[in-house]
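Engineer: Pasting protein_1.csv here (CSV, C-alpha atoms and all ligand atoms):
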chain,number,residue,atom,x,y,z
A,5,MET,CA,62.7,-67.0,49.6
A,6,ASN,CA,59.2,-68.5,50.2
A,7,LEU,CA,56.8,-66.1,48.3
A,8,PHE,CA,53.8,-67.8,49.9
A,9,ASN,CA,54.5,-67.3,53.6
A,10,GLY,CA,51.5,-67.1,55.9
A,11,LYS,CA,51.3,-63.3,55.9
A,12,THR,CA,51.2,-63.0,52.1
A,13,VAL,CA,48.5,-65.7,51.9
A,14,THR,CA,46.3,-63.8,54.4
A,15,VAL,CA,46.7,-60.5,52.4
A,16,ILE,CA,45.8,-62.3,49.2
A,17,LEU,CA,42.8,-64.0,50.7
A,18,LEU,CA,41.6,-60.7,52.3
A,19,SER,CA,41.9,-58.8,49.0
A,20,VAL,CA,40.0,-61.5,47.1
A,21,LEU,CA,37.3,-61.4,49.7
A,22,LEU,CA,37.1,-57.6,49.5
A,23,LEU,CA,36.9,-57.7,45.7
A,24,GLY,CA,34.2,-60.3,45.9
A,25,VAL,CA,32.1,-58.1,48.3
A,26,LEU,CA,32.6,-55.1,46.1
A,27,TYR,CA,31.5,-57.0,43.0
A,28,CYS,CA,28.4,-58.3,44.7
A,29,TYR,CA,27.5,-54.8,45.9
A,30,MET,CA,27.9,-53.3,42.4
A,31,TYR,CA,26.0,-56.1,40.7
A,32,GLN,CA,23.1,-55.7,43.1
A,33,SER,CA,23.0,-51.9,42.7
A,34,TYR,CA,22.9,-52.2,38.9
A,35,ARG,CA,20.3,-54.9,39.0
A,36,VAL,CA,17.9,-53.6,41.6
A,37,VAL,CA,17.4,-50.0,40.3
A,38,PRO,CA,15.9,-50.8,36.9
A,39,LEU,CA,13.7,-53.5,38.4
A,40,GLU,CA,12.3,-51.2,41.0
A,41,GLN,CA,11.6,-48.5,38.5
A,42,GLU,CA,9.6,-50.7,36.1
A,43,VAL,CA,6.0,-50.6,36.9
A,44,VAL,CA,4.3,-53.9,36.2
A,45,ARG,CA,0.8,-53.4,34.7
A,46,PRO,CA,-1.5,-55.9,33.1
A,47,ASP,CA,-0.9,-56.1,29.3
A,48,SER,CA,-4.4,-54.8,28.6
A,49,SER,CA,-3.6,-51.4,30.1
A,50,LEU,CA,-0.8,-50.9,27.6
A,51,LYS,CA,-3.1,-51.3,24.6
A,52,TYR,CA,-4.7,-48.0,23.6
A,53,THR,CA,-5.2,-45.7,20.7
A,54,GLN,CA,-2.0,-44.1,19.5
A,55,PRO,CA,-1.5,-40.6,21.0
A,56,SER,CA,-0.7,-37.7,18.7
A,57,ILE,CA,0.9,-34.3,19.2
A,58,VAL,CA,-0.4,-32.9,15.9
A,59,GLN,CA,-4.1,-33.9,16.2
A,60,GLY,CA,-6.5,-33.2,18.9
A,61,ARG,CA,-8.9,-30.5,20.1
A,62,THR,CA,-8.4,-27.2,18.4
A,63,ASP,CA,-11.5,-25.4,19.6
A,64,VAL,CA,-10.1,-24.9,23.1
A,65,VAL,CA,-6.8,-24.0,24.8
A,66,THR,CA,-5.4,-27.1,26.6
A,67,VAL,CA,-2.4,-25.6,28.3
A,68,THR,CA,-2.0,-22.4,30.4
A,69,PRO,CA,0.9,-19.9,29.8
A,70,TRP,CA,2.6,-21.5,32.8
A,71,LEU,CA,2.3,-24.9,31.2
A,72,ALA,CA,-0.4,-26.4,33.4
A,73,PRO,CA,-2.8,-28.8,31.5
A,74,VAL,CA,-6.3,-27.5,31.0
A,75,VAL,CA,-8.6,-30.6,31.2
A,76,TRP,CA,-11.3,-30.9,28.5
A,77,GLU,CA,-13.1,-33.9,27.2
A,78,GLY,CA,-11.1,-35.4,24.4
A,79,THR,CA,-7.7,-34.4,25.8
A,80,PHE,CA,-7.1,-37.6,27.9
A,81,ASN,CA,-7.5,-41.3,27.9
A,82,PRO,CA,-9.5,-42.3,31.0
A,83,VAL,CA,-8.7,-46.0,30.8
A,84,LEU,CA,-5.0,-45.3,30.5
A,85,LEU,CA,-5.0,-42.7,33.4
A,86,ASP,CA,-6.9,-45.0,35.7
A,87,SER,CA,-4.5,-47.9,35.1
A,88,ILE,CA,-1.6,-45.6,36.0
A,89,TYR,CA,-3.2,-44.4,39.2
A,90,LYS,CA,-4.6,-47.9,40.1
A,91,SER,CA,-1.0,-49.2,40.5
A,92,LYS,CA,-0.4,-46.4,43.0
A,93,ASN,CA,-3.3,-47.4,45.2
A,94,ILE,CA,-4.3,-43.8,45.8
A,95,SER,CA,-7.0,-42.6,48.1
A,96,ILE,CA,-9.1,-39.4,47.6
A,97,ALA,CA,-10.9,-37.4,50.3
A,98,ALA,CA,-13.7,-35.0,49.5
A,99,THR,CA,-15.4,-32.4,51.6
A,100,VAL,CA,-18.9,-31.1,51.3
A,101,PHE,CA,-20.8,-28.7,53.5
A,102,ALA,CA,-24.5,-28.9,54.1
A,103,VAL,CA,-25.4,-26.4,56.8
A,104,GLY,CA,-29.1,-25.4,57.5
A,105,LYS,CA,-31.5,-26.2,54.7
A,106,TYR,CA,-28.6,-27.2,52.3
A,107,THR,CA,-28.9,-30.8,53.7
A,108,MET,CA,-31.7,-31.2,51.0
A,109,PHE,CA,-29.0,-31.4,48.4
A,110,LEU,CA,-27.1,-34.2,50.0
A,111,LYS,CA,-29.0,-37.1,48.6
A,112,ASP,CA,-28.5,-36.2,45.0
A,113,PHE,CA,-24.9,-35.2,45.6
A,114,LEU,CA,-23.9,-38.4,47.3
A,115,GLU,CA,-25.9,-40.7,45.0
A,116,THR,CA,-24.4,-39.2,41.8
A,117,ALA,CA,-20.9,-39.2,43.4
A,118,GLU,CA,-21.3,-42.9,43.7
A,119,GLN,CA,-21.9,-43.1,40.0
A,120,HIS,CA,-19.3,-40.7,38.7
A,121,PHE,CA,-16.7,-39.5,41.2
A,122,PHE,CA,-13.5,-41.6,41.2
A,123,VAL,CA,-15.4,-44.8,40.6
A,124,GLY,CA,-13.2,-47.8,41.4
A,125,PHE,CA,-10.9,-45.9,43.7
A,126,ARG,CA,-10.7,-45.4,47.5
A,127,VAL,CA,-12.9,-42.4,48.3
A,128,HIS,CA,-13.7,-40.9,51.7
A,129,ILE,CA,-16.4,-38.2,51.7
A,130,TYR,CA,-16.6,-35.9,54.7
A,131,VAL,CA,-20.0,-34.2,55.2
A,132,PHE,CA,-19.9,-31.1,57.5
A,133,THR,CA,-23.4,-30.3,58.8
A,134,ASP,CA,-25.3,-28.9,61.7
A,135,ARG,CA,-28.1,-31.4,61.0
A,136,PRO,CA,-26.5,-34.8,61.2
A,137,ASN,CA,-29.9,-36.5,61.4
A,138,GLU,CA,-30.7,-35.3,58.0
A,139,VAL,CA,-27.7,-36.9,56.3
A,140,PRO,CA,-29.3,-39.6,54.0
A,141,GLN,CA,-28.3,-43.2,54.0
A,142,VAL,CA,-26.6,-43.8,50.7
A,143,LYS,CA,-25.3,-47.3,49.7
A,144,LEU,CA,-21.6,-47.0,49.1
A,145,ALA,CA,-19.5,-49.3,47.0
A,146,ALA,CA,-16.6,-51.2,48.5
A,147,GLY,CA,-13.6,-48.9,49.3
A,148,ARG,CA,-15.9,-45.9,49.7
A,149,GLN,CA,-16.7,-44.3,53.0
A,150,LEU,CA,-18.7,-41.4,54.4
A,151,THR,CA,-18.0,-39.5,57.7
A,152,VAL,CA,-20.3,-36.9,59.1
A,153,ARG,CA,-18.7,-34.0,61.1
A,154,SER,CA,-20.9,-31.7,63.2
A,155,VAL,CA,-20.4,-27.9,62.7
A,156,PRO,CA,-22.3,-25.1,64.4
A,157,SER,CA,-25.3,-23.5,62.6
A,158,SER,CA,-25.0,-19.9,61.3
A,159,LYS,CA,-27.3,-17.0,60.7
A,160,ARG,CA,-25.3,-15.7,57.8
A,161,TRP,CA,-24.6,-17.7,54.6
A,162,GLN,CA,-21.5,-15.6,54.1
A,163,GLU,CA,-20.1,-17.0,57.3
A,164,ILE,CA,-20.9,-20.6,56.4
A,165,SER,CA,-19.2,-20.1,53.1
A,166,ALA,CA,-16.2,-18.4,54.7
A,167,ARG,CA,-15.7,-21.0,57.5
A,168,ARG,CA,-15.1,-23.8,55.0
A,169,MET,CA,-11.4,-23.0,54.7
A,170,GLU,CA,-10.9,-23.2,58.4
A,171,LEU,CA,-12.7,-26.6,58.6
A,172,ILE,CA,-10.8,-28.0,55.6
A,173,GLN,CA,-7.5,-26.9,57.2
A,174,THR,CA,-8.4,-28.6,60.5
A,175,LEU,CA,-9.7,-31.7,58.8
A,176,ILE,CA,-6.4,-32.2,57.0
A,177,GLU,CA,-4.4,-31.5,60.2
A,178,GLU,CA,-6.4,-33.8,62.4
A,179,LYS,CA,-7.6,-36.6,60.2
A,180,LEU,CA,-6.3,-36.8,56.7
A,181,ARG,CA,-2.5,-36.7,57.0
A,182,ASN,CA,-1.2,-40.1,56.2
A,183,HIS,CA,-4.7,-41.3,55.3
A,184,ALA,CA,-5.4,-39.6,51.9
A,185,ASP,CA,-3.3,-38.6,49.0
A,186,TYR,CA,-5.6,-36.1,47.4
A,187,ILE,CA,-8.6,-33.9,48.5
A,188,PHE,CA,-11.4,-32.2,46.6
A,189,CYS,CA,-13.6,-29.6,48.2
A,190,LEU,CA,-17.0,-29.4,46.6
A,191,ASP,CA,-20.3,-27.4,46.8
A,192,VAL,CA,-23.2,-29.6,47.9
A,193,ASP,CA,-25.9,-27.9,45.8
A,194,SER,CA,-24.6,-29.8,42.8
A,195,LYS,CA,-24.8,-33.1,41.0
A,196,PHE,CA,-22.4,-35.3,39.1
A,197,HIS,CA,-23.6,-36.1,35.5
A,198,GLY,CA,-20.4,-37.5,34.0
A,199,ARG,CA,-17.0,-38.9,35.0
A,200,TRP,CA,-14.9,-37.0,37.4
A,201,GLY,CA,-11.8,-39.1,37.8
A,202,THR,CA,-8.0,-39.4,37.8
A,203,GLU,CA,-7.6,-36.9,35.0
A,204,SER,CA,-8.4,-34.2,37.6
A,205,LEU,CA,-5.5,-35.2,39.9
A,206,GLY,CA,-2.6,-32.7,40.4
A,207,GLY,CA,-0.6,-30.8,43.0
A,208,MET,CA,-3.0,-27.8,43.1
A,209,VAL,CA,-6.2,-28.0,41.0
A,210,ALA,CA,-8.6,-25.2,40.2
A,211,VAL,CA,-11.8,-25.2,38.1
A,212,VAL,CA,-12.5,-22.3,35.7
A,213,HIS,CA,-15.8,-20.7,36.6
A,214,PRO,CA,-18.5,-21.4,33.9
A,215,GLY,CA,-19.9,-17.9,34.2
A,216,TYR,CA,-16.7,-16.0,33.2
A,217,TYR,CA,-14.5,-18.2,31.0
A,218,ARG,CA,-15.3,-16.4,27.8
A,219,ASP,CA,-15.0,-12.9,29.4
A,220,SER,CA,-12.2,-10.4,29.5
A,221,ARG,CA,-10.6,-10.3,33.0
A,222,SER,CA,-11.9,-6.8,33.5
A,223,ARG,CA,-15.3,-8.3,34.0
A,224,PHE,CA,-14.2,-10.9,36.6
A,225,PRO,CA,-15.8,-10.4,40.0
A,226,TYR,CA,-12.4,-10.3,41.8
A,227,GLU,CA,-12.2,-8.3,45.1
A,228,ARG,CA,-11.2,-4.9,43.8
A,229,ARG,CA,-10.6,-3.0,47.1
A,230,PRO,CA,-6.8,-2.7,47.7
A,231,LYS,CA,-7.3,-2.9,51.5
A,232,SER,CA,-8.6,-6.5,51.2
A,233,ARG,CA,-6.0,-9.3,51.2
A,234,ALA,CA,-8.1,-10.8,48.3
A,235,TYR,CA,-7.4,-7.8,46.1
A,236,VAL,CA,-6.6,-8.3,42.4
A,237,ALA,CA,-6.1,-5.1,40.4
A,238,HIS,CA,-7.7,-4.4,37.1
A,239,GLY,CA,-5.4,-5.6,34.3
A,240,GLU,CA,-4.2,-8.5,36.5
A,241,GLY,CA,-5.3,-12.2,37.1
A,242,ASP,CA,-5.5,-15.3,34.9
A,243,PHE,CA,-8.9,-16.9,35.1
A,244,TYR,CA,-11.9,-16.6,37.4
A,245,TYR,CA,-11.9,-19.8,39.4
A,246,CYS,CA,-14.8,-21.5,41.3
A,247,GLY,CA,-14.9,-21.5,45.0
A,248,GLY,CA,-17.3,-24.5,44.7
A,249,ALA,CA,-14.7,-27.0,43.5
A,250,PHE,CA,-10.9,-27.1,44.0
A,251,GLY,CA,-8.4,-29.7,45.2
A,252,GLY,CA,-5.0,-31.2,44.9
A,253,VAL,CA,-2.5,-33.0,47.1
A,254,LEU,CA,-3.0,-32.7,50.8
A,255,HIS,CA,-0.1,-30.4,51.6
A,256,GLU,CA,-1.0,-27.9,48.8
A,257,VAL,CA,-4.7,-27.7,49.8
A,258,HIS,CA,-3.7,-27.4,53.4
A,259,LEU,CA,-1.5,-24.4,52.6
A,260,LEU,CA,-4.2,-22.9,50.4
A,261,ALA,CA,-6.9,-23.3,53.1
A,262,LYS,CA,-4.7,-22.0,55.9
A,263,THR,CA,-3.6,-18.9,53.8
A,264,CYS,CA,-7.2,-18.1,52.7
A,265,ARG,CA,-8.5,-18.5,56.2
A,266,SER,CA,-5.9,-16.3,57.8
A,267,ASN,CA,-6.3,-13.6,55.1
A,268,PHE,CA,-10.1,-13.8,55.6
A,269,GLU,CA,-9.7,-13.4,59.3
A,270,ALA,CA,-7.2,-10.6,59.1
A,271,ASP,CA,-9.6,-8.8,56.7
A,272,ALA,CA,-12.5,-9.4,59.1
A,273,LYS,CA,-10.5,-7.7,62.0
A,274,GLU,CA,-10.2,-4.7,59.8
A,275,GLY,CA,-14.0,-4.8,59.0
A,276,ILE,CA,-13.8,-6.0,55.4
A,277,GLU,CA,-15.4,-9.0,53.8
A,278,ALA,CA,-14.2,-9.8,50.3
A,279,ALA,CA,-16.8,-9.6,47.5
A,280,TRP,CA,-17.3,-13.4,47.2
A,281,GLN,CA,-15.8,-14.4,50.6
A,282,GLU,CA,-13.5,-17.4,50.3
A,283,GLU,CA,-13.9,-17.6,46.5
A,284,SER,CA,-12.3,-14.1,46.3
A,285,HIS,CA,-9.4,-15.3,48.5
A,286,LEU,CA,-9.0,-18.5,46.5
A,287,ASN,CA,-8.8,-16.4,43.3
A,288,ARG,CA,-6.1,-14.2,44.7
A,289,TYR,CA,-4.2,-17.3,46.0
A,290,MET,CA,-4.4,-19.1,42.7
A,291,TRP,CA,-3.2,-16.0,40.8
A,292,ILE,CA,-0.1,-15.8,43.1
A,293,ASN,CA,0.5,-19.6,43.3
A,294,LYS,CA,-0.5,-20.9,39.9
A,295,PRO,CA,-2.5,-24.2,39.9
A,296,SER,CA,-0.6,-27.1,38.4
A,297,LYS,CA,-3.8,-28.4,36.7
A,298,VAL,CA,-6.8,-26.4,35.5
A,299,LEU,CA,-10.1,-28.1,35.0
A,300,SER,CA,-12.4,-26.7,32.3
A,301,PRO,CA,-16.0,-25.6,33.2
A,302,GLU,CA,-17.1,-29.2,32.4
A,303,TYR,CA,-16.1,-29.7,36.1
A,304,LEU,CA,-18.6,-27.2,37.5
A,305,TRP,CA,-21.3,-26.1,35.1
A,306,GLN,CA,-24.5,-24.4,36.2
A,307,ASP,CA,-27.9,-26.0,35.4
A,308,PHE,CA,-29.5,-22.7,34.4
A,309,LYS,CA,-26.9,-22.1,31.7
A,310,SER,CA,-27.4,-23.7,28.2
A,311,ARG,CA,-24.4,-25.7,27.1
A,312,ASN,CA,-21.8,-23.9,24.9
A,313,PRO,CA,-20.4,-25.9,21.9
A,314,GLU,CA,-17.0,-26.4,23.5
A,315,ILE,CA,-18.6,-28.1,26.4
A,316,HIS,CA,-18.8,-31.7,25.1
A,317,ILE,CA,-19.7,-33.1,28.5
A,318,ILE,CA,-21.0,-31.7,31.8
A,319,ARG,CA,-19.4,-33.7,34.6
A,320,PHE,CA,-20.6,-31.7,37.7
A,321,SER,CA,-23.2,-28.9,37.8
A,322,GLY,CA,-24.8,-26.6,40.3
A,323,VAL,CA,-28.6,-27.1,40.6
A,324,VAL,CA,-31.0,-24.2,40.3
A,325,LYS,CA,-32.0,-23.1,43.7
A,326,ASN,CA,-34.2,-20.5,45.3
A,327,TYR,CA,-31.8,-18.5,47.5
A,328,ALA,CA,-34.6,-16.8,49.5
A,329,GLU,CA,-36.0,-20.2,50.5
A,330,ILE,CA,-32.8,-22.0,51.5
A,331,ARG,CA,-30.3,-19.4,52.8
A,332,PRO,CA,-30.6,-18.3,56.5
A,333,ASN,CA,-30.3,-14.6,55.3
A,334,ALA,CA,-31.2,-13.4,51.9
B,401,LIG,N1,-23.7,-23.6,52.3
B,401,LIG,C1,-24.4,-24.3,53.3
B,401,LIG,N2,-25.5,-23.6,53.8
B,401,LIG,C2,-25.8,-22.3,53.5
B,401,LIG,C3,-25.1,-21.6,52.6
B,401,LIG,C4,-24.0,-22.3,52.0
B,401,LIG,O1,-24.1,-25.4,53.6
B,401,LIG,O2,-26.8,-21.8,54.1
B,401,LIG,C5,-22.5,-24.3,51.7
B,401,LIG,C6,-22.9,-25.3,50.7
B,401,LIG,O3,-22.0,-26.3,50.6
B,401,LIG,C7,-22.9,-24.6,49.4
B,401,LIG,C8,-21.7,-23.7,49.5
B,401,LIG,O4,-21.7,-23.3,50.9
B,401,LIG,O5,-22.8,-25.5,48.3
B,401,LIG,C9,-21.8,-22.4,48.7
B,401,LIG,O6,-22.9,-21.6,49.0
B,401,LIG,P1,-24.0,-21.2,47.8
B,401,LIG,O7,-24.2,-22.5,47.0
B,401,LIG,O8,-25.2,-20.6,48.5
B,401,LIG,O9,-23.2,-20.2,47.0
B,401,LIG,P2,-23.3,-19.9,45.4
B,401,LIG,O10,-22.4,-20.9,44.8
B,401,LIG,O11,-24.7,-20.1,45.0
B,401,LIG,O12,-22.8,-18.5,45.3
Show how you would write the structure in this file as structure tokens.
Ligand code: UDP

Structural biologist:
Amino acid sequence: MNLFNGKTVTVILLSVLLLGVLYCYMYQSYRVVPLEQEVVRPDSSLKYTQPSIVQGRTDVVTVTPWLAPVVWEGTFNPVLLDSIYKSKNISIAATVFAVGKYTMFLKDFLETAEQHFFVGFRVHIYVFTDRPNEVPQVKLAAGRQLTVRSVPSSKRWQEISARRMELIQTLIEEKLRNHADYIFCLDVDSKFHGRWGTESLGGMVAVVHPGYYRDSRSRFPYERRPKSRAYVAHGEGDFYYCGGAFGGVLHEVHLLAKTCRSNFEADAKEGIEAAWQEESHLNRYMWINKPSKVLSPEYLWQDFKSRNPEIHIIRFSGVVKNYAEIRPNA
């Protein structure tokens, strides 16, 4: 009997071919995965001081009870962090509102942002104003942009403050999706004094208010009327967060802005305005949906306050202003 008739040879050849294809496929799968996962960085970015889990700052709390980092000077390595985010080619949007006389704060805000806010990264600042002609010309470094968006004037500062959430929501929906990775929403009557960079990035990022961080929560100015959707009862809440600085990844900030806006509007229909407008709604939101990163009051200090010993650096701070002079209503 001839063992190698035509049919047998064909079967053998087909089997060999199949095994060959299978081998190539498996070899490629094993090779490709680890190569894709390895991030290639310049050697210099891998040379830094040895990290420690037994030495570091002991005068402040650096993690929340839900295990979100609390960012303080001395808890991170800025060079290392920047090198990690550089390889991701991230882009950061920032919103700032300057309605009515608040345009007077834009120059300092924008000029100091150039010096300290995500230096070396792609940054796009959106200025919302009713006075576009008063937006100063500020020289921007490569990769940094500024866009002016017109908004209506208002006779009540409470309304200006409250409408910010709506405008942030719309900006994300109309412009930012697929164009930015992170967004920060900042008060204009403030200046940068020190680095604000990649250490602040996270899913949902809140800044602890400088006025209340040493206080018992019974003293926090949360909205205390149960009929408001911003209500936080006595004996509840984590920290008191600033309405003047918050951020995170786009979809998280979008959800926050959308929720705060709709709660604010639903309250308004029932004739109630929360104690601190959108700041109250933000505080309620951040209590229910915990931020994944908390920034210490270094990230929004107030110029009129003297610096406490745990504040090693002031990165961003609200300027002293005369409310009667600049607000449309006192
Ligand atoms: N704002 C504005 N025009 C006003 C009032 C407020 O543009 O007439 C914006 C501005 O961005 C400001 C923010 O709303 O930084 C918060 O208002 P404000 O600083 O008056 O509140 P505070 O933080 O002093 O309570």

Engineer: Taking all atoms listed in the file into account, which residues are within 9 Å of ligand LIG 401 (chain B), as a PyMOL selection string?

Structural biologist: chain A and resi 100-107+109+132-134+157-166+168+190-194+246-248+280+322+324-325+327+330-333

Engineer: If you keep C-alpha atoms, can you produce a file of those selected residues as a PDB file, keeping the file's coordinate frame?

Structural biologist:
ATOM      1  CA  VAL A 100     -18.900 -31.100  51.300  1.00  0.00           C
ATOM      2  CA  PHE A 101     -20.800 -28.700  53.500  1.00  0.00           C
ATOM      3  CA  ALA A 102     -24.500 -28.900  54.100  1.00  0.00           C
ATOM      4  CA  VAL A 103     -25.400 -26.400  56.800  1.00  0.00           C
ATOM      5  CA  GLY A 104     -29.100 -25.400  57.500  1.00  0.00           C
ATOM      6  CA  LYS A 105     -31.500 -26.200  54.700  1.00  0.00           C
ATOM      7  CA  TYR A 106     -28.600 -27.200  52.300  1.00  0.00           C
ATOM      8  CA  THR A 107     -28.900 -30.800  53.700  1.00  0.00           C
ATOM      9  CA  PHE A 109     -29.000 -31.400  48.400  1.00  0.00           C
ATOM     10  CA  PHE A 132     -19.900 -31.100  57.500  1.00  0.00           C
ATOM     11  CA  THR A 133     -23.400 -30.300  58.800  1.00  0.00           C
ATOM     12  CA  ASP A 134     -25.300 -28.900  61.700  1.00  0.00           C
ATOM     13  CA  SER A 157     -25.300 -23.500  62.600  1.00  0.00           C
ATOM     14  CA  SER A 158     -25.000 -19.900  61.300  1.00  0.00           C
ATOM     15  CA  LYS A 159     -27.300 -17.000  60.700  1.00  0.00           C
ATOM     16  CA  ARG A 160     -25.300 -15.700  57.800  1.00  0.00           C
ATOM     17  CA  TRP A 161     -24.600 -17.700  54.600  1.00  0.00           C
ATOM     18  CA  GLN A 162     -21.500 -15.600  54.100  1.00  0.00           C
ATOM     19  CA  GLU A 163     -20.100 -17.000  57.300  1.00  0.00           C
ATOM     20  CA  ILE A 164     -20.900 -20.600  56.400  1.00  0.00           C
ATOM     21  CA  SER A 165     -19.200 -20.100  53.100  1.00  0.00           C
ATOM     22  CA  ALA A 166     -16.200 -18.400  54.700  1.00  0.00           C
ATOM     23  CA  ARG A 168     -15.100 -23.800  55.000  1.00  0.00           C
ATOM     24  CA  LEU A 190     -17.000 -29.400  46.600  1.00  0.00           C
ATOM     25  CA  ASP A 191     -20.300 -27.400  46.800  1.00  0.00           C
ATOM     26  CA  VAL A 192     -23.200 -29.600  47.900  1.00  0.00           C
ATOM     27  CA  ASP A 193     -25.900 -27.900  45.800  1.00  0.00           C
ATOM     28  CA  SER A 194     -24.600 -29.800  42.800  1.00  0.00           C
ATOM     29  CA  CYS A 246     -14.800 -21.500  41.300  1.00  0.00           C
ATOM     30  CA  GLY A 247     -14.900 -21.500  45.000  1.00  0.00           C
ATOM     31  CA  GLY A 248     -17.300 -24.500  44.700  1.00  0.00           C
ATOM     32  CA  TRP A 280     -17.300 -13.400  47.200  1.00  0.00           C
ATOM     33  CA  GLY A 322     -24.800 -26.600  40.300  1.00  0.00           C
ATOM     34  CA  VAL A 324     -31.000 -24.200  40.300  1.00  0.00           C
ATOM     35  CA  LYS A 325     -32.000 -23.100  43.700  1.00  0.00           C
ATOM     36  CA  TYR A 327     -31.800 -18.500  47.500  1.00  0.00           C
ATOM     37  CA  ILE A 330     -32.800 -22.000  51.500  1.00  0.00           C
ATOM     38  CA  ARG A 331     -30.300 -19.400  52.800  1.00  0.00           C
ATOM     39  CA  PRO A 332     -30.600 -18.300  56.500  1.00  0.00           C
ATOM     40  CA  ASN A 333     -30.300 -14.600  55.300  1.00  0.00           C
TER      41      ASN A 333
END

Engineer: Go through A:Thr263, A:Gln173, A:Ser204, A:Thr62 and flag the residue nearest Val298 of chain A, using only C-alpha atoms for the distances.

Structural biologist: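 Looking at the shortest contact to Val298 of chain A, the residue is A:Ser204.
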
Engineer: At a cut-off of 9 Å, using only C-alpha atoms, what residues contact Phe250 of chain A? Leave out same-chain residues fewer than 2 positions from it and give the result as a list in words.

Structural biologist: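 Once the nearby chain positions are removed, what remains is Ile187, Phe188, Cys189, Leu190, Met208, Val209, Ala210, Val211, Tyr245, Cys246, Gly247, Gly248, Gly252 and Val257 of chain A.
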
Engineer: Taking all atoms listed in the file into account, which of A:His285, A:Lys297, A:Arg153, A:His238 comes nearest Leu205 of chain A?

Structural biologist: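 Checking each candidate against Leu205 of chain A, we get A:Lys297 as the closest.
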
Engineer: Go through A:Pro73, A:Gly198, A:Gly275, A:Gly78 one by one, measure the shortest atom-to-atom distance of each to Lys294 of chain A using all atoms listed in the file, and give the residue with the smallest value.

Structural biologist: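 For Lys294 of chain A, the nearest of the given residues is A:Pro73.
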
Engineer: Using atom CA of Leu50 of chain A and atom CA of Ser95 of chain A as the two end points, give the distance in Å to one decimal.

Structural biologist: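 That distance, rounded to one decimal, is 23.0 Å.
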
Engineer: Please list as a PDB file with C-alpha atoms, in the coordinates of the input every residue within 10 Å of Ile317 of chain A, counting only C-alpha atoms and excluding residues in the same chain fewer than 3 positions away.

Structural biologist:
ATOM      1  CA  TRP A  76     -11.300 -30.900  28.500  1.00  0.00           C
ATOM      2  CA  GLU A  77     -13.100 -33.900  27.200  1.00  0.00           C
ATOM      3  CA  GLY A  78     -11.100 -35.400  24.400  1.00  0.00           C
ATOM      4  CA  HIS A 197     -23.600 -36.100  35.500  1.00  0.00           C
ATOM      5  CA  GLY A 198     -20.400 -37.500  34.000  1.00  0.00           C
ATOM      6  CA  ARG A 199     -17.000 -38.900  35.000  1.00  0.00           C
ATOM      7  CA  PRO A 301     -16.000 -25.600  33.200  1.00  0.00           C
ATOM      8  CA  GLU A 302     -17.100 -29.200  32.400  1.00  0.00           C
ATOM      9  CA  TYR A 303     -16.100 -29.700  36.100  1.00  0.00           C
ATOM     10  CA  TRP A 305     -21.300 -26.100  35.100  1.00  0.00           C
ATOM     11  CA  ARG A 311     -24.400 -25.700  27.100  1.00  0.00           C
ATOM     12  CA  PRO A 313     -20.400 -25.900  21.900  1.00  0.00           C
ATOM     13  CA  GLU A 314     -17.000 -26.400  23.500  1.00  0.00           C
ATOM     14  CA  PHE A 320     -20.600 -31.700  37.700  1.00  0.00           C
TER      15      PHE A 320
END

Engineer: Would you list the contacts of Leu175 of chain A as a list in words, taking every protein, DNA or RNA residue within 10 Å and counting only C-alpha atoms, but skipping same-chain residues closer than 4 positions in sequence?

Structural biologist: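 Result of the neighbour search: Thr99, Tyr130, Arg153, Met169, Glu170, Leu171, Lys179, Leu180, Arg181 and His258 of chain A.
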
Engineer: Taking all atoms listed in the file into account, which of A:Ser87, A:Ala234, A:Gly124, A:Glu256 comes nearest Ala270 of chain A?

Structural biologist: A:Ala234

Engineer: For atom CA of Tyr289 of chain A and atom CA of Trp200 of chain A, determine how far apart the two atoms are, in Å to one decimal place.

Structural biologist: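 Computing it gives 24.0 Å between the two atoms.
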
Engineer: Between A:Phe122, A:Tyr89, A:Trp70, A:Tyr244, single out the one closest to Arg223 of chain A, counting only C-alpha atoms.

Structural biologist: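 Smallest distance to Arg223 of chain A is found for A:Tyr244.
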
Engineer: Work out how far apart atom CA of Phe113 of chain A and atom CA of Lys195 of chain A are and give it in Å to one decimal.

Structural biologist: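 According to the coordinates, atom CA of Phe113 of chain A and atom CA of Lys195 of chain A are separated by 5.1 Å.
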